[in-house]
file data15.csv (CSV, C-alpha atoms)
chain,number,residue,atom,x,y,z
A,1,MET,CA,-26.5,-6.7,-2.1
A,2,HIS,CA,-27.5,-4.3,0.7
A,3,THR,CA,-25.1,-1.6,-0.5
A,4,THR,CA,-27.3,1.3,0.6
A,5,ALA,CA,-27.6,-0.1,4.2
A,6,ALA,CA,-23.9,-0.8,4.2
A,7,ARG,CA,-23.0,2.7,3.1
A,8,SER,CA,-25.0,4.4,5.8
A,9,LEU,CA,-23.9,1.9,8.5
A,10,GLY,CA,-20.2,2.1,7.7
A,11,TRP,CA,-19.8,5.7,6.5
A,12,THR,CA,-18.9,7.0,10.0
A,13,PHE,CA,-16.2,4.3,10.3
A,14,CYS,CA,-15.0,4.9,6.8
A,15,VAL,CA,-13.9,8.5,7.6
A,16,ALA,CA,-12.0,7.3,10.7
A,17,ALA,CA,-10.4,4.5,8.6
A,18,LEU,CA,-9.2,7.0,6.0
A,19,VAL,CA,-7.8,9.3,8.5
A,20,PHE,CA,-5.7,6.6,10.1
A,21,ALA,CA,-4.6,5.1,6.8
A,22,ALA,CA,-2.1,7.8,5.9
A,23,GLY,CA,1.2,6.1,6.7
A,24,ALA,CA,4.3,7.3,4.8
A,25,GLY,CA,2.9,10.1,2.7
A,26,ALA,CA,0.0,11.2,0.5
A,27,ASP,CA,1.3,9.4,-2.6
A,28,GLU,CA,1.6,6.2,-0.7
A,29,VAL,CA,-1.8,6.1,1.0
A,30,LYS,CA,-3.4,2.7,1.1
A,31,PRO,CA,-6.9,3.0,2.6
A,32,LEU,CA,-7.2,0.4,5.4
A,33,ALA,CA,-10.3,-0.6,7.4
A,34,ALA,CA,-9.0,0.2,10.8
A,35,GLY,CA,-11.0,1.8,13.6
A,36,PRO,CA,-10.1,4.7,15.9
A,37,ASP,CA,-7.9,2.4,17.9
A,38,HIS,CA,-5.9,1.6,14.7
A,39,VAL,CA,-6.8,-2.1,14.9
A,40,ALA,CA,-7.2,-3.6,11.4
A,41,ILE,CA,-10.3,-5.6,10.4
A,42,GLN,CA,-11.8,-5.4,13.8
A,43,GLY,CA,-9.0,-7.5,15.4
A,44,TYR,CA,-9.6,-10.6,13.4
A,45,ASP,CA,-6.6,-12.8,12.5
A,46,THR,CA,-6.2,-12.5,8.7
A,47,VAL,CA,-3.9,-15.5,8.5
A,48,ALA,CA,-6.5,-17.8,10.1
A,49,TYR,CA,-8.8,-17.5,7.1
A,50,PHE,CA,-6.0,-19.2,5.0
A,51,THR,CA,-4.8,-21.7,7.6
A,52,ASP,CA,-7.9,-22.6,9.6
A,53,GLY,CA,-10.6,-21.7,7.0
A,54,LYS,CA,-12.5,-19.6,9.5
A,55,ALA,CA,-12.9,-16.1,10.9
A,56,THR,CA,-10.9,-16.1,14.2
A,57,LYS,CA,-10.5,-13.2,16.6
A,58,GLY,CA,-6.9,-12.2,17.2
A,59,ASN,CA,-5.2,-11.7,20.5
A,60,GLY,CA,-3.7,-8.4,21.6
A,61,SER,CA,-0.6,-10.4,22.8
A,62,PHE,CA,0.2,-11.2,19.1
A,63,GLU,CA,0.2,-7.9,17.3
A,64,TYR,CA,2.1,-6.5,14.5
A,65,VAL,CA,2.0,-2.9,13.1
A,66,TRP,CA,1.8,-2.8,9.3
A,67,GLU,CA,0.5,0.0,7.1
A,68,ASP,CA,-0.1,2.2,10.1
A,69,ALA,CA,-2.5,-0.3,11.7
A,70,ARG,CA,-2.3,-2.9,14.4
A,71,TRP,CA,-2.9,-6.4,13.1
A,72,ARG,CA,-3.9,-9.1,15.7
A,73,PHE,CA,-3.3,-12.8,15.4
A,74,ALA,CA,-4.5,-15.9,17.3
A,75,SER,CA,-0.9,-17.2,17.7
A,76,LEU,CA,2.7,-16.3,17.4
A,77,ALA,CA,3.0,-18.6,14.4
A,78,HIS,CA,0.2,-16.7,12.6
A,79,ARG,CA,1.9,-13.3,13.4
A,80,ASP,CA,5.2,-14.6,12.0
A,81,MET,CA,3.5,-15.9,8.8
A,82,PHE,CA,2.0,-12.4,8.3
A,83,ILE,CA,5.3,-10.6,8.9
A,84,ALA,CA,6.9,-12.8,6.3
A,85,ASP,CA,4.3,-12.0,3.6
A,86,PRO,CA,1.7,-9.4,4.6
A,87,ASP,CA,0.6,-8.7,1.1
A,88,HIS,CA,-0.4,-12.3,0.7
A,89,TYR,CA,-2.5,-12.5,3.9
A,90,ALA,CA,-3.9,-8.9,4.0
A,91,PRO,CA,-7.5,-8.7,2.8
A,92,GLN,CA,-8.0,-7.2,-0.7
A,93,PHE,CA,-9.2,-3.6,-0.9
A,94,GLY,CA,-7.7,-2.8,2.5
A,95,GLY,CA,-10.4,-4.8,4.4
A,96,PHE,CA,-13.2,-2.7,3.0
A,97,CYS,CA,-16.4,-4.3,1.6
A,98,ALA,CA,-15.6,-5.8,-1.8
A,99,GLY,CA,-19.1,-5.1,-3.0
A,100,ALA,CA,-19.1,-1.5,-2.0
A,101,VAL,CA,-15.6,-1.0,-3.6
A,102,THR,CA,-17.1,-2.1,-7.0
A,103,ASN,CA,-19.5,0.9,-6.6
A,104,GLY,CA,-16.6,3.3,-5.7
A,105,VAL,CA,-17.5,3.5,-1.9
A,106,LEU,CA,-15.3,2.6,1.1
A,107,VAL,CA,-17.3,0.7,3.8
A,108,PRO,CA,-15.5,-1.4,6.4
A,109,ALA,CA,-16.2,-5.1,5.9
A,110,ASN,CA,-17.6,-7.6,8.3
A,111,PRO,CA,-14.8,-10.0,9.0
A,112,GLU,CA,-17.3,-12.8,9.4
A,113,ALA,CA,-18.5,-12.5,5.8
A,114,TRP,CA,-15.5,-13.5,3.7
A,115,THR,CA,-14.2,-15.8,1.0
A,116,ILE,CA,-10.8,-16.6,-0.6
A,117,VAL,CA,-10.7,-16.4,-4.4
A,118,ASP,CA,-7.5,-17.3,-6.3
A,119,GLY,CA,-5.5,-17.1,-3.0
A,120,LYS,CA,-6.8,-13.7,-2.1
A,121,LEU,CA,-9.1,-12.7,0.8
A,122,TYR,CA,-12.2,-10.7,0.2
A,123,MET,CA,-14.8,-9.5,2.7
A,124,VAL,CA,-18.2,-7.8,2.5
A,125,ALA,CA,-20.0,-5.5,4.9
A,126,GLY,CA,-23.1,-7.6,5.1
A,127,GLY,CA,-23.5,-11.2,6.2
A,128,GLN,CA,-23.2,-14.7,4.7
A,129,SER,CA,-26.0,-14.1,2.2
A,130,ASP,CA,-24.1,-11.1,0.9
A,131,ILE,CA,-20.8,-12.9,0.4
A,132,THR,CA,-22.7,-15.8,-1.2
A,133,GLU,CA,-24.3,-13.3,-3.6
A,134,TRP,CA,-20.9,-11.6,-4.3
A,135,LYS,CA,-19.2,-15.0,-5.0
A,136,VAL,CA,-21.8,-15.8,-7.7
A,137,ASP,CA,-20.1,-13.2,-10.0
A,138,ALA,CA,-16.7,-13.1,-8.2
A,139,ALA,CA,-14.6,-12.7,-11.3
A,140,LYS,CA,-16.6,-9.8,-12.5
A,141,ASN,CA,-16.8,-8.2,-9.0
A,142,ILE,CA,-13.0,-8.5,-8.6
A,143,GLU,CA,-12.4,-7.0,-12.0
A,144,ARG,CA,-14.7,-4.0,-11.2
A,145,GLY,CA,-13.2,-3.6,-7.7
A,146,ASP,CA,-9.7,-3.7,-9.1
A,147,LYS,CA,-10.7,-0.8,-11.5
A,148,GLN,CA,-12.2,1.2,-8.7
A,149,TRP,CA,-9.5,0.6,-6.1
A,150,PRO,CA,-6.8,3.0,-7.5
A,151,LEU,CA,-9.5,5.7,-7.7
A,152,LEU,CA,-10.4,5.2,-4.1
A,153,GLN,CA,-6.8,5.2,-3.1
A,154,ALA,CA,-6.3,8.5,-4.9
A,155,GLN,CA,-9.4,10.0,-3.1
A,156,ALA,CA,-7.9,8.9,0.2
A,157,ALA,CA,-4.6,10.6,-0.7
A,158,GLU,CA,-6.4,13.8,-1.5
A,159,HIS,CA,-8.4,13.6,1.8
A,160,ASN,CA,-5.2,13.2,3.8
A,161,GLN,CA,-3.3,16.1,2.2
call {"tool": "encode", "arguments": {"input": "data15.csv", "output": "C-alpha coordinates"}}
result
Amino acid sequence: MHTTAARSLGWTFCVAALVFAAGAGADEVKPLAAGPDHVAIQGYDTVAYFTDGKATKGNGSFEYVWEDARWRFASLAHRDMFIADPDHYAPQFGGFCAGAVTNGVLVPANPEAWTIVDGKLYMVAGGQSDITEWKVDAAKNIERGDKQWPLLQAQAAEHNQ
(Lines of atoms letter the chains of each structure in order from A and count residues from 1; the text may use other names and numbers.)
(Lines give C-alpha, C1' and ligand atoms only; values in the text may rest on other atoms or scores of the structure.)
Protein backbone atom coordinates (compact mmCIF):
# COMPACT_ATOMS: atom_id res chain seq x y z
CA MET A 1 0.00 0.00 0.00
CA HIS A 2 1.13 3.53 -0.57
CA THR A 3 1.34 4.33 3.16
CA THR A 4 4.22 6.78 2.83
CA ALA A 5 2.45 8.82 0.17
CA ALA A 6 -0.79 8.68 2.13
CA ARG A 7 0.97 9.89 5.28
CA SER A 8 2.49 12.91 3.63
CA LEU A 9 -0.67 13.69 1.69
CA GLY A 10 -3.01 13.44 4.62
CA TRP A 11 -0.92 14.63 7.56
CA THR A 12 -2.04 18.24 7.25
CA PHE A 13 -5.67 17.16 7.27
CA CYS A 14 -5.01 14.77 10.13
CA VAL A 15 -4.05 17.59 12.49
CA ALA A 16 -7.22 19.49 11.59
CA ALA A 17 -9.32 16.37 12.08
CA LEU A 18 -7.88 15.70 15.52
CA VAL A 19 -8.49 19.26 16.62
CA PHE A 20 -12.13 19.05 15.62
CA ALA A 21 -12.67 15.58 17.05
CA ALA A 22 -12.71 16.65 20.70
CA GLY A 23 -16.38 16.55 21.56
CA ALA A 24 -17.38 15.94 25.15
CA GLY A 25 -14.02 15.69 26.88
CA ALA A 26 -10.48 14.39 26.60
CA ASP A 27 -11.40 10.96 27.96
CA GLU A 28 -14.12 10.58 25.34
CA VAL A 29 -12.18 11.73 22.27
CA LYS A 30 -12.98 9.73 19.19
CA PRO A 31 -10.76 10.85 16.34
CA LEU A 32 -12.88 11.57 13.32
CA ALA A 33 -11.87 12.38 9.75
CA ALA A 34 -13.55 15.75 9.45
CA GLY A 35 -12.12 18.75 7.68
CA PRO A 36 -11.89 22.33 8.90
CA ASP A 37 -15.58 22.76 8.08
CA HIS A 38 -16.42 19.87 10.47
CA VAL A 39 -17.90 17.81 7.60
CA ALA A 40 -17.26 14.10 8.12
CA ILE A 41 -15.77 11.89 5.40
CA GLN A 42 -15.68 14.70 2.87
CA GLY A 43 -19.48 14.98 2.79
CA TYR A 44 -20.18 11.45 1.56
CA ASP A 45 -23.38 9.68 2.62
CA THR A 46 -22.21 6.87 4.91
CA VAL A 47 -25.59 5.11 4.73
CA ALA A 48 -25.44 4.86 0.92
CA TYR A 49 -22.52 2.43 1.11
CA PHE A 50 -24.85 -0.02 2.83
CA THR A 51 -28.12 0.69 1.01
CA ASP A 52 -26.96 1.59 -2.51
CA GLY A 53 -23.61 -0.20 -2.58
CA LYS A 54 -21.77 2.88 -3.83
CA ALA A 55 -20.02 6.04 -2.69
CA THR A 56 -22.54 8.88 -2.91
CA LYS A 57 -22.06 12.53 -2.06
CA GLY A 58 -24.41 13.80 0.60
CA ASN A 59 -26.50 16.93 0.40
CA GLY A 60 -26.12 19.85 2.81
CA SER A 61 -29.92 19.88 3.15
CA PHE A 62 -29.78 16.51 4.90
CA GLU A 63 -27.23 16.97 7.68
CA TYR A 64 -26.93 15.61 11.17
CA VAL A 65 -24.34 16.54 13.79
CA TRP A 66 -22.81 13.53 15.53
CA GLU A 67 -19.47 13.24 17.35
CA ASP A 68 -18.86 16.97 16.78
CA ALA A 69 -19.01 16.59 13.00
CA ARG A 70 -21.57 17.32 10.31
CA TRP A 71 -22.65 14.18 8.46
CA ARG A 72 -24.33 14.64 5.09
CA PHE A 73 -26.81 12.33 3.42
CA ALA A 74 -28.32 11.95 -0.03
CA SER A 75 -31.85 11.75 1.36
CA LEU A 76 -33.95 12.33 4.44
CA ALA A 77 -34.44 8.56 4.73
CA HIS A 78 -30.67 8.01 4.88
CA ARG A 79 -30.28 10.72 7.50
CA ASP A 80 -32.99 9.13 9.63
CA MET A 81 -31.38 5.69 9.30
CA PHE A 82 -28.09 7.14 10.52
CA ILE A 83 -29.75 8.94 13.44
CA ALA A 84 -31.37 5.65 14.50
CA ASP A 85 -28.02 3.77 14.55
CA PRO A 86 -24.95 5.93 13.88
CA ASP A 87 -22.49 3.35 15.22
CA HIS A 88 -23.69 0.87 12.60
CA TYR A 89 -23.28 3.25 9.64
CA ALA A 90 -20.23 5.27 10.67
CA PRO A 91 -17.00 4.12 9.07
CA GLN A 92 -14.57 2.19 11.22
CA PHE A 93 -11.55 4.02 12.60
CA GLY A 94 -13.39 7.34 12.42
CA GLY A 95 -13.18 7.48 8.63
CA PHE A 96 -9.39 7.36 8.68
CA CYS A 97 -7.42 5.09 6.36
CA ALA A 98 -7.76 1.51 7.59
CA GLY A 99 -4.32 0.70 6.19
CA ALA A 100 -2.60 3.61 7.90
CA VAL A 101 -4.34 2.85 11.20
CA THR A 102 -2.71 -0.61 11.21
CA ASN A 103 0.62 1.26 11.23
CA GLY A 104 -0.45 3.62 14.02
CA VAL A 105 -1.02 6.64 11.79
CA LEU A 106 -4.14 8.74 11.23
CA VAL A 107 -4.65 9.71 7.58
CA PRO A 108 -8.09 10.76 6.30
CA ALA A 109 -9.47 8.12 3.96
CA ASN A 110 -10.68 8.48 0.39
CA PRO A 111 -14.46 7.91 0.53
CA GLU A 112 -14.29 6.44 -2.99
CA ALA A 113 -12.00 3.58 -1.81
CA TRP A 114 -14.14 1.53 0.53
CA THR A 115 -15.43 -1.91 1.43
CA ILE A 116 -17.86 -3.48 3.87
CA VAL A 117 -16.56 -6.42 5.90
CA ASP A 118 -18.82 -8.21 8.37
CA GLY A 119 -21.31 -5.34 8.23
CA LYS A 120 -18.70 -2.64 8.95
CA LEU A 121 -17.49 0.09 6.61
CA TYR A 122 -13.74 0.51 6.01
CA MET A 123 -11.97 3.07 3.84
CA VAL A 124 -8.38 3.65 2.72
CA ALA A 125 -6.54 6.79 1.68
CA GLY A 126 -5.52 5.53 -1.75
CA GLY A 127 -7.62 4.30 -4.62
CA GLN A 128 -9.36 1.12 -5.73
CA SER A 129 -6.11 -0.83 -6.01
CA ASP A 130 -5.32 0.00 -2.38
CA ILE A 131 -8.68 -1.16 -1.04
CA THR A 132 -8.34 -4.30 -3.16
CA GLU A 133 -4.92 -4.92 -1.63
CA TRP A 134 -6.26 -4.23 1.88
CA LYS A 135 -9.15 -6.69 1.36
CA VAL A 136 -6.78 -9.56 0.47
CA ASP A 137 -5.84 -9.74 4.15
CA ALA A 138 -8.90 -7.99 5.59
CA ALA A 139 -9.20 -10.11 8.74
CA LYS A 140 -5.57 -9.54 9.68
CA ASN A 141 -5.77 -5.83 8.80
CA ILE A 142 -8.90 -5.39 10.90
CA GLU A 143 -7.28 -7.20 13.83
CA ARG A 144 -4.17 -5.00 13.62
CA GLY A 145 -6.28 -1.85 13.21
CA ASP A 146 -8.45 -2.78 16.19
CA LYS A 147 -5.30 -3.08 18.31
CA GLN A 148 -3.94 0.29 17.16
CA TRP A 149 -7.23 2.22 17.36
CA PRO A 150 -7.33 2.60 21.19
CA LEU A 151 -3.72 3.85 21.13
CA LEU A 152 -4.57 6.42 18.46
CA GLN A 153 -7.62 7.51 20.45
CA ALA A 154 -5.42 7.99 23.52
CA GLN A 155 -2.95 10.05 21.48
CA ALA A 156 -5.81 12.21 20.23
CA ALA A 157 -7.00 12.71 23.81
CA GLU A 158 -3.51 13.83 24.87
CA HIS A 159 -3.29 16.17 21.89
CA ASN A 160 -6.61 17.82 22.80
CA GLN A 161 -5.85 18.41 26.49
call {"tool": "residues_around", "arguments": {"input": "data15.csv", "residues": "Gly60 in chain A", "least_positions_apart": "4", "cutoff": "10 Å", "atoms": "all atoms listed in the file", "output": "PyMOL selection string"}}
result
chain A and resi 39+43+64+70-74
call {"tool": "residues_around", "arguments": {"input": "data15.csv", "residues": "Asp146 in chain A", "least_positions_apart": "6", "cutoff": "10 Å", "atoms": "all atoms listed in the file", "output": "ChimeraX atom specification"}}
result
/A:92-93,98,101-102,140
call {"tool": "closest_residue", "arguments": {"input": "data15.csv", "among": "A:Phe50, A:Val117, A:Ala154, A:Thr56", "to": "Ala139 in chain A", "atoms": "all atoms listed in the file"}}
result
A:Val117
call {"tool": "residues_around", "arguments": {"input": "data15.csv", "residues": "Asp80 in chain A", "least_positions_apart": "4", "cutoff": "10 Å", "atoms": "only C-alpha atoms", "output": "PyMOL selection string"}}
result
chain A and resi 47+62-64+73+75-76+84-86
call {"tool": "closest_residue", "arguments": {"input": "data15.csv", "among": "A:Gly126, A:Gly145, A:Asp87, A:Gly119", "to": "Thr51 in chain A", "atoms": "only C-alpha atoms"}}
result
A:Gly119
call {"tool": "atom_distance", "arguments": {"input": "data15.csv", "atom1": "CA of Asp37 in chain A", "atom2": "CA of Trp66 in chain A"}}
result
14.0 Å
call {"tool": "closest_residue", "arguments": {"input": "data15.csv", "among": "A:Gly94, A:Gly104, A:Gly127, A:Gly35", "to": "Arg144 in chain A", "atoms": "all atoms listed in the file"}}
result
A:Gly104
call {"tool": "residues_near_point", "arguments": {"input": "data15.csv", "point": "(-17.4, -4.6, 7.2)", "cutoff": "6 Å", "atoms": "all atoms listed in the file", "output": "ChimeraX atom specification"}}
result
/A:97,108-110,124-125
call {"tool": "write_last_selection", "arguments": {"input": "data15.csv", "atoms": "C-alpha atoms", "output": "CSV table (one decimal), in the coordinates of the input"}}
result
chain,number,residue,atom,x,y,z
A,97,CYS,CA,-16.4,-4.3,1.6
A,108,PRO,CA,-15.5,-1.4,6.4
A,109,ALA,CA,-16.2,-5.1,5.9
A,110,ASN,CA,-17.6,-7.6,8.3
A,124,VAL,CA,-18.2,-7.8,2.5
A,125,ALA,CA,-20.0,-5.5,4.9
call {"tool": "residues_around", "arguments": {"input": "data15.csv", "residues": "Ala138 in chain A", "least_positions_apart": "4", "cutoff": "10 Å", "atoms": "only C-alpha atoms", "output": "number ranges by chain"}}
result
A: 98-99, 115, 117, 122, 131-134, 142-144
call {"tool": "build_atoms", "arguments": {"input": "data15.csv", "residues": "range 43-64 of chain A", "atoms": "N, CA and C atoms", "output": "PDB file, in the frame of the given file"}}
result
ATOM      1  N   GLY A  43      -9.794  -6.568  14.532  1.00  0.00           N
ATOM      2  CA  GLY A  43      -9.000  -7.500  15.400  1.00  0.00           C
ATOM      3  C   GLY A  43      -9.022  -8.915  14.985  1.00  0.00           C
ATOM      4  N   TYR A  44      -9.540  -9.226  13.808  1.00  0.00           N
ATOM      5  CA  TYR A  44      -9.600 -10.600  13.400  1.00  0.00           C
ATOM      6  C   TYR A  44      -8.179 -11.009  12.818  1.00  0.00           C
ATOM      7  N   ASP A  45      -7.841 -12.277  12.963  1.00  0.00           N
ATOM      8  CA  ASP A  45      -6.600 -12.800  12.500  1.00  0.00           C
ATOM      9  C   ASP A  45      -6.689 -13.143  11.014  1.00  0.00           C
ATOM     10  N   THR A  46      -6.049 -12.336  10.196  1.00  0.00           N
ATOM     11  CA  THR A  46      -6.200 -12.500   8.700  1.00  0.00           C
ATOM     12  C   THR A  46      -5.482 -13.767   8.229  1.00  0.00           C
ATOM     13  N   VAL A  47      -4.532 -14.298   8.958  1.00  0.00           N
ATOM     14  CA  VAL A  47      -3.900 -15.500   8.500  1.00  0.00           C
ATOM     15  C   VAL A  47      -4.801 -16.739   8.763  1.00  0.00           C
ATOM     16  N   ALA A  48      -5.632 -16.690   9.783  1.00  0.00           N
ATOM     17  CA  ALA A  48      -6.500 -17.800  10.100  1.00  0.00           C
ATOM     18  C   ALA A  48      -7.488 -18.148   8.983  1.00  0.00           C
ATOM     19  N   TYR A  49      -7.872 -17.169   8.189  1.00  0.00           N
ATOM     20  CA  TYR A  49      -8.800 -17.500   7.100  1.00  0.00           C
ATOM     21  C   TYR A  49      -8.096 -18.468   6.123  1.00  0.00           C
ATOM     22  N   PHE A  50      -6.792 -18.337   5.949  1.00  0.00           N
ATOM     23  CA  PHE A  50      -6.000 -19.200   5.000  1.00  0.00           C
ATOM     24  C   PHE A  50      -5.673 -20.535   5.698  1.00  0.00           C
ATOM     25  N   THR A  51      -5.255 -20.495   6.946  1.00  0.00           N
ATOM     26  CA  THR A  51      -4.800 -21.700   7.600  1.00  0.00           C
ATOM     27  C   THR A  51      -5.853 -22.536   8.265  1.00  0.00           C
ATOM     28  N   ASP A  52      -6.839 -21.876   8.859  1.00  0.00           N
ATOM     29  CA  ASP A  52      -7.900 -22.600   9.600  1.00  0.00           C
ATOM     30  C   ASP A  52      -9.214 -22.603   8.864  1.00  0.00           C
ATOM     31  N   GLY A  53      -9.338 -21.784   7.826  1.00  0.00           N
ATOM     32  CA  GLY A  53     -10.600 -21.700   7.000  1.00  0.00           C
ATOM     33  C   GLY A  53     -11.741 -21.159   7.805  1.00  0.00           C
ATOM     34  N   LYS A  54     -11.448 -20.261   8.764  1.00  0.00           N
ATOM     35  CA  LYS A  54     -12.500 -19.600   9.500  1.00  0.00           C
ATOM     36  C   LYS A  54     -12.103 -18.271  10.041  1.00  0.00           C
ATOM     37  N   ALA A  55     -13.113 -17.459  10.341  1.00  0.00           N
ATOM     38  CA  ALA A  55     -12.900 -16.100  10.900  1.00  0.00           C
ATOM     39  C   ALA A  55     -12.547 -16.352  12.410  1.00  0.00           C
ATOM     40  N   THR A  56     -11.387 -15.862  12.831  1.00  0.00           N
ATOM     41  CA  THR A  56     -10.900 -16.100  14.200  1.00  0.00           C
ATOM     42  C   THR A  56     -10.442 -14.735  14.765  1.00  0.00           C
ATOM     43  N   LYS A  57     -10.916 -14.386  15.927  1.00  0.00           N
ATOM     44  CA  LYS A  57     -10.500 -13.200  16.600  1.00  0.00           C
ATOM     45  C   LYS A  57      -8.982 -13.316  16.960  1.00  0.00           C
ATOM     46  N   GLY A  58      -8.246 -12.234  16.768  1.00  0.00           N
ATOM     47  CA  GLY A  58      -6.900 -12.200  17.200  1.00  0.00           C
ATOM     48  C   GLY A  58      -6.718 -11.875  18.625  1.00  0.00           C
ATOM     49  N   ASN A  59      -5.511 -11.968  19.106  1.00  0.00           N
ATOM     50  CA  ASN A  59      -5.200 -11.700  20.500  1.00  0.00           C
ATOM     51  C   ASN A  59      -4.242 -10.521  20.563  1.00  0.00           C
ATOM     52  N   GLY A  60      -4.522  -9.582  21.459  1.00  0.00           N
ATOM     53  CA  GLY A  60      -3.700  -8.400  21.600  1.00  0.00           C
ATOM     54  C   GLY A  60      -2.234  -8.733  21.947  1.00  0.00           C
ATOM     55  N   SER A  61      -1.972  -9.934  22.436  1.00  0.00           N
ATOM     56  CA  SER A  61      -0.600 -10.400  22.800  1.00  0.00           C
ATOM     57  C   SER A  61       0.219 -10.650  21.512  1.00  0.00           C
ATOM     58  N   PHE A  62      -0.477 -10.890  20.406  1.00  0.00           N
ATOM     59  CA  PHE A  62       0.200 -11.200  19.100  1.00  0.00           C
ATOM     60  C   PHE A  62      -0.171 -10.154  18.116  1.00  0.00           C
ATOM     61  N   GLU A  63       0.449  -8.997  18.226  1.00  0.00           N
ATOM     62  CA  GLU A  63       0.200  -7.900  17.300  1.00  0.00           C
ATOM     63  C   GLU A  63       1.383  -7.552  16.477  1.00  0.00           C
ATOM     64  N   TYR A  64       1.091  -6.952  15.343  1.00  0.00           N
ATOM     65  CA  TYR A  64       2.100  -6.500  14.500  1.00  0.00           C
ATOM     66  C   TYR A  64       1.616  -5.216  13.770  1.00  0.00           C
TER      67      TYR A  64
END
